[in-house]
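J.: Could you have a look at this structure, given as structure tokens, before my questions?
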Amino acid sequence: MAKIIIKNGLVVDPAQKISAIMDILIVDGKIAKIAKTIRVSGAKIINAIGLLVLPGLVDLHTHLRDPGQSEKETIATGTKAAAKGGFTSICCMANTNPPADSPAVVRYIKDKAASQGVVNVYPIAAVTKGLRGELLAEMGLNLQAGAVAFSDDGRPIMDARIMRLALEYSRQFGVPIIAHCEEANLAKDGVMNEGALSTAMGLPGIPALAEELMVARDIRLVKEYGGSLHIAHISTARSVDLVRQAKKQGISVTCETCPHYFTLTEAAVNNYNTNAKVNPPLRTEADVKAIKRGLKDGTIDIIATDHAPHNIELKDIEFNSAAFGMVGLETALPLVLTELVNTKILSLSQAIEKLTLVPARRLKLDKGTLMVGAEADVVIVDPRVQIKVEPSEFASKSHNTPFAGRALYGKVLFTVVGGKFVVTNGQLVSNDK
Amino acid sequence: MNKVKTIAKKDLLGLKDLSISEIKLILNTARSMKEVAARPIPKVPTLLAKHIITLFYEPSTRTRTSFNMAAKILSANVTNVAISSSSVSKGENLIDTVKNLEVMGCDAIIIRHSMGGAPHLAAKNCQSSVINAGDGFNEHPTQGLLDIFTMQEKKGDLKNKKVLIVGDIAHSRVARSNIWGLKKLGAEVVVVGPPTMIPVGLEAMGVRVSCDFDAEIRDADIINMLRIQKERQEKGLFPSIEEYAKLFGLNAERMKKAPKDVVVMHPGPINRGIEITSEVADGSNNVILEQVTNGVAVRAAILFLLLSGKNSD
């Protein structure tokens with residue numbers, strides 16, 4: 001029996017309402033015991049004094065680019081990036097090539113993740129065939145093949161009738177539709193947030209309203225027709241308000257935001273910095289404040305990465321032509337600790353909950369906790385170490401981050417997946433798969 | 001031109017980034033250049049052996065020719081890269097194109113591009129001076145400077161002078177360069193156009209926005225009419241050419257409401273009968289062809305200030 005004891009770390013497990021110095025015993029890949037002091041003979045001991053011991057993080061929004069865009073990322077590199085960032089479970093979006101709109105592609109992702117992935121991978125299947133927003137994909141068969149949710153992420157479902165049908169049809173499965181909220185006609189040709197800055201830079205803007213109209217529409221649709229709605233990557237103050245009001249009215253809706261939306265404003269695109277080009281676009285100071293308020297008051301349930309790798313050929317070009325998106329797996333946790341926890345916007349438990357328990361529960365994944373009996377997915381973090389973001393050290397195949405050179409707190413030292421060390425002393429374990 | 005004063009910058013990307021003293025230096029130098037251009041033999045050896053490339057991703061007659069004339073006054077060599085015959089159509093990206101041109105030994109690359117920020121990208125990736133000859137709807141700095149040069153010739157100090165910029169402000173690089181420069185020189189800038197063509201947050205650039213041409217024209221010192229692109233109508237930004245001409249065109253009847261000495265400008269090319277009638281475009285208040293003449297002097301000044309005193313190579 002392989003035994004590991006993680007000793008004297010600050011264990012934070014929101015599912016058990018634990019936030020205390022504890023020992024954790026792992027036996028045969030499962031959490032066996034969690035107590036003040038554990039003594040077992042023959043166990044490998046990890047000394048975690050001064051370190052955080054957390055459930056492995058769960059990302060609801062990753063783009064693995066596999067199949068079809070291996071120049072940006074693969075399941076192998078993407079899961080390594082996840083492990084380095086402390087994520088032990090990631091849900092990958094369907095906008096691959098071909099898209100994950102059929103059981104064959106869903107199974108391909110599952111199989112490849114089993115053979116080449118170093119963390120748990122859960123495919124999200126497309127809502128509509130070919131992500132075209134016209135006809136429903138085989139939701140039931142895709143679920144049987146291993147999908148955990150549905151999303152056309154990257155594109156909005158512009159036809160309200162199709163969105164209605166998707167919400168209605170998916171009721172039989174109890175699985176959420178993850179909505180990319182963007183009114184495409186209003187956003188047309190836009191490449192950054194619309195406002196004084198886009199005007200001053202001479203770039204076409206994407207109005208905040210393009211997001212908000214669709215947030216409002218989808219909230220009304222789910223109220224009217226039922227189903228389960230999760231809104232991806234919200235970025236504006238009024239989107240937060242819309243979700244807040246909906247929740248007050250008892251409408252069943254959840255939402256996520258991403259680290260860049262509580263850290264950066266549109267000013268990051270100054271000098272035509274394509275690494276800050278993302279969709280939805282970075283917004284204003286007031287929006288950033290509102291996102292933080294939404295995180296604090298619980299309106300925003302989940303922090304997801306929207307890890308969107310792009311090769312340099314798609315970034316080192318004219319701003320208008322550059323691809324939208326930024327990598328996020330390897331910077332998310334330090335950004336949460338630095339921007340939300342150290343600034344006391346969220347308590348450590350609240351922050352960890354939004355990165356573990358809540359996303360896991362939302363998709364009914366048996367993850368995100370250190371409960372006895374759970375698969376031993378654990379991450380050990382030194383919260384006091386200051387790191388400098390160095391894209392060339394990323395495990396991700398792509399380096400498109402606006403955070404290069406930024407000093408952040410929090411270094412992932414160990415990532416354990418099912419009792420197996422994938423990251424040790426901050427380095428990927430190389431003989432792994 | 002005895003004392004060589006130059007601009008510390010490598011590139012001219014926009015009026016947004018120029019200081020007031022840099023703008024004044026360019027305008028003063030342009031006055032000298034205008035004098036040179038008017039000589040019987042309009043040529044000085046200042047930029048002999050300098051090599052300038054024009055790289056135009058969008059069609060242009062006036063701006064490209066103007067840069068060519070300016071370079072010739074200063075004895076520089078010019079190569080015009082024609083986009084149809086370039087490798088861009090084979091898929092080469094901007095950075096590669098610029099680097100290839102540079103290693104052939106050029107001192108300046110003059111770029112026109114349909115996307116805002118393209119010259120900035122080029123500038124970051126080469127040692128040569130990059131001059132923005134119009135990028136998307138961001139800036140057209142040499143046009144902005146020649147407009148201001150012409151305004152000063154006609155009206156002197158522009159402080160508190162009321163300048164109307166009329167037309168499609170949202171998609172106009174000329175408007176933006178005018179606004180940045182004019183605000184730095186203390187002018188009052190009022191933009192006039194249909195609300196669908198006024199970009200969000202424009203007031204932050206220090207201008208006033210109006211839709212009432214007839215009201216604004218009464219005390220205007222200068223009217224800068226922008227070219228209306230007919231394809232904007234197809235995109236639904238205004239209902240018809242007729243309606244646009246009626247509401248925002250400059251015609252003889254509207255001119256009656258303006259002060260007698262108002263200066264009428266247009267960056268060209270003109271859509272006669274749409275944003276401006278022939279009667280006004282050719283009328284006594286217009287300085288449209290003088291703008292074109294001044295364009296050569298202003299561009300010569302910019303080439304001189306960026307390239308003289310810097311080692312070839």
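All residue names refer to the structure tokens as shown: chains lettered A, B, ... in order, residues numbered from 1 in each chain, ligands numbered from 1 in order.
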Show me, as a PyMOL selection string, the residues of chain B whose atoms get within 7 Å of chain A, using only C-alpha atoms for the distance check.
T.: chain B and resi 94+115-118+121+137-138+199-202+204
J.: Write out as an MDAnalysis selection string which residues come within 12 Å of Ile231 (chain A) when counting only C-alpha atoms, dropping same-chain ones fewer than 2 positions away.
T.: chainID A and resid 60:61 150:153 156 176:182 211:212 214:219 222 228:229 233:235 239:240 242:243 252:258 299:304 362
J.: Assign secondary structure with DSSP using the backbone only, and return the residues of region 212-330 of chain A in alpha helix (DSSP H) as JSON, numbers by chain.
T.: {"A": [212, 213, 214, 215, 216, 217, 218, 219, 220, 221, 222, 223, 224, 225, 237, 238, 239, 240, 241, 242, 243, 244, 245, 246, 247, 248, 259, 260, 261, 262, 263, 285, 286, 287, 288, 289, 290, 291, 292, 293, 294, 295, 296]}
J.: Can you pull out every residue within 9 Å of Gly226 (chain A), counting only C-alpha atoms, but drop anything in the same chain fewer than 6 positions away, and send it as a PyMOL selection string?
T.: chain A and resi 164+167-168+171+252
J.: Selected residues, N, CA and C atoms, written as a PDB file, in the first residue's frame, please.
T.:
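Everything below was put into part.pdb:
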```
ATOM      1  N   ARG A 164     -33.228  28.295 -26.793  1.00  0.00           N
ATOM      2  CA  ARG A 164     -34.382  27.765 -26.059  1.00  0.00           C
ATOM      3  C   ARG A 164     -34.417  26.239 -26.166  1.00  0.00           C
ATOM      4  N   LEU A 167     -31.721  24.578 -24.069  1.00  0.00           N
ATOM      5  CA  LEU A 167     -32.037  24.561 -22.633  1.00  0.00           C
ATOM      6  C   LEU A 167     -33.126  23.523 -22.348  1.00  0.00           C
ATOM      7  N   GLU A 168     -34.148  23.502 -23.189  1.00  0.00           N
ATOM      8  CA  GLU A 168     -35.252  22.549 -22.977  1.00  0.00           C
ATOM      9  C   GLU A 168     -34.767  21.107 -23.128  1.00  0.00           C
ATOM     10  N   ARG A 171     -32.736  19.535 -20.421  1.00  0.00           N
ATOM     11  CA  ARG A 171     -33.385  19.312 -19.112  1.00  0.00           C
ATOM     12  C   ARG A 171     -33.397  17.844 -18.734  1.00  0.00           C
ATOM     13  N   SER A 252     -32.414  30.023 -11.718  1.00  0.00           N
ATOM     14  CA  SER A 252     -31.265  29.153 -11.561  1.00  0.00           C
ATOM     15  C   SER A 252     -30.209  29.468 -12.612  1.00  0.00           C
TER      16      SER A 252
END
```
J.: Can you pull out every residue within 6 Å of Leu47 (chain B), counting only C-alpha atoms, but drop anything in the same chain fewer than 4 positions away, and send it as a list in words?
T.: Leu74, Ser75 and Ala76 of chain B
J.: Output the selection as a PDB file, in the first residue's frame - N, CA, C and O atoms for each residue.
T.:
```pdb
ATOM      1  N   LEU B  74      14.688  66.663 -51.313  1.00  0.00           N
ATOM      2  CA  LEU B  74      15.815  66.461 -50.394  1.00  0.00           C
ATOM      3  C   LEU B  74      16.876  65.521 -50.972  1.00  0.00           C
ATOM      4  O   LEU B  74      17.787  65.091 -50.278  1.00  0.00           O
ATOM      5  N   SER B  75      16.707  65.153 -52.241  1.00  0.00           N
ATOM      6  CA  SER B  75      17.678  64.294 -52.952  1.00  0.00           C
ATOM      7  C   SER B  75      17.751  62.869 -52.417  1.00  0.00           C
ATOM      8  O   SER B  75      18.767  62.196 -52.588  1.00  0.00           O
ATOM      9  N   ALA B  76      16.704  62.421 -51.776  1.00  0.00           N
ATOM     10  CA  ALA B  76      16.685  61.030 -51.308  1.00  0.00           C
ATOM     11  C   ALA B  76      16.208  60.118 -52.433  1.00  0.00           C
ATOM     12  O   ALA B  76      15.507  60.550 -53.341  1.00  0.00           O
TER      13      ALA B  76
END
```
J.: For region 282-295 of chain A, please output as a list in words all residues within 8 Å (counting only C-alpha atoms; exclusion window: fewer than 5 positions along the same chain).
T.: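 Result of the neighbour search: Met192, Asn193, Ala208, Ser235, Thr236, Ala237, Val240, Arg244, Thr257, His260, Tyr261, Phe262, Thr263, Leu264, Thr265, Glu266, Ala268, Ala276, Lys277, Ile300, Asp301, Leu340, Ile345 and Leu346 of chain A.
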J.: Give the strand (DSSP E or B) residues of region 39-106 of chain B, as DSSP finds them on the backbone, and put them as a list in words.
T.: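 Answer for region 39-106 of chain B restricted to strand (DSSP E or B) is His51, Ile52, Ile53, Thr54, Leu55, Phe56, Asn77, Val78, Thr79, Asn80 and Val81 of chain B.
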J.: Save out the residues we just selected, C-alpha atoms, as a PDB file, in the first residue's frame.
T.:
```pdb
ATOM      1  CA  HIS B  51      16.867  55.532 -49.174  1.00  0.00           C
ATOM      2  CA  ILE B  52      13.150  55.737 -48.524  1.00  0.00           C
ATOM      3  CA  ILE B  53      10.586  53.054 -49.227  1.00  0.00           C
ATOM      4  CA  THR B  54       6.866  53.609 -49.482  1.00  0.00           C
ATOM      5  CA  LEU B  55       4.886  50.527 -48.505  1.00  0.00           C
ATOM      6  CA  PHE B  56       1.220  51.068 -49.220  1.00  0.00           C
ATOM      7  CA  ASN B  77      16.119  57.874 -53.295  1.00  0.00           C
ATOM      8  CA  VAL B  78      12.622  56.451 -53.203  1.00  0.00           C
ATOM      9  CA  THR B  79      11.355  52.990 -53.957  1.00  0.00           C
ATOM     10  CA  ASN B  80       7.650  52.434 -54.134  1.00  0.00           C
ATOM     11  CA  VAL B  81       6.536  48.985 -53.127  1.00  0.00           C
TER      12      VAL B  81
END
```
J.: Find the distance between CA of Gly328 (chain A) and CA of Cys91 (chain A) and write it in Å to one decimal.
T.: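 Pair CA of Gly328 (chain A) / CA of Cys91 (chain A) returns 13.6 Å.
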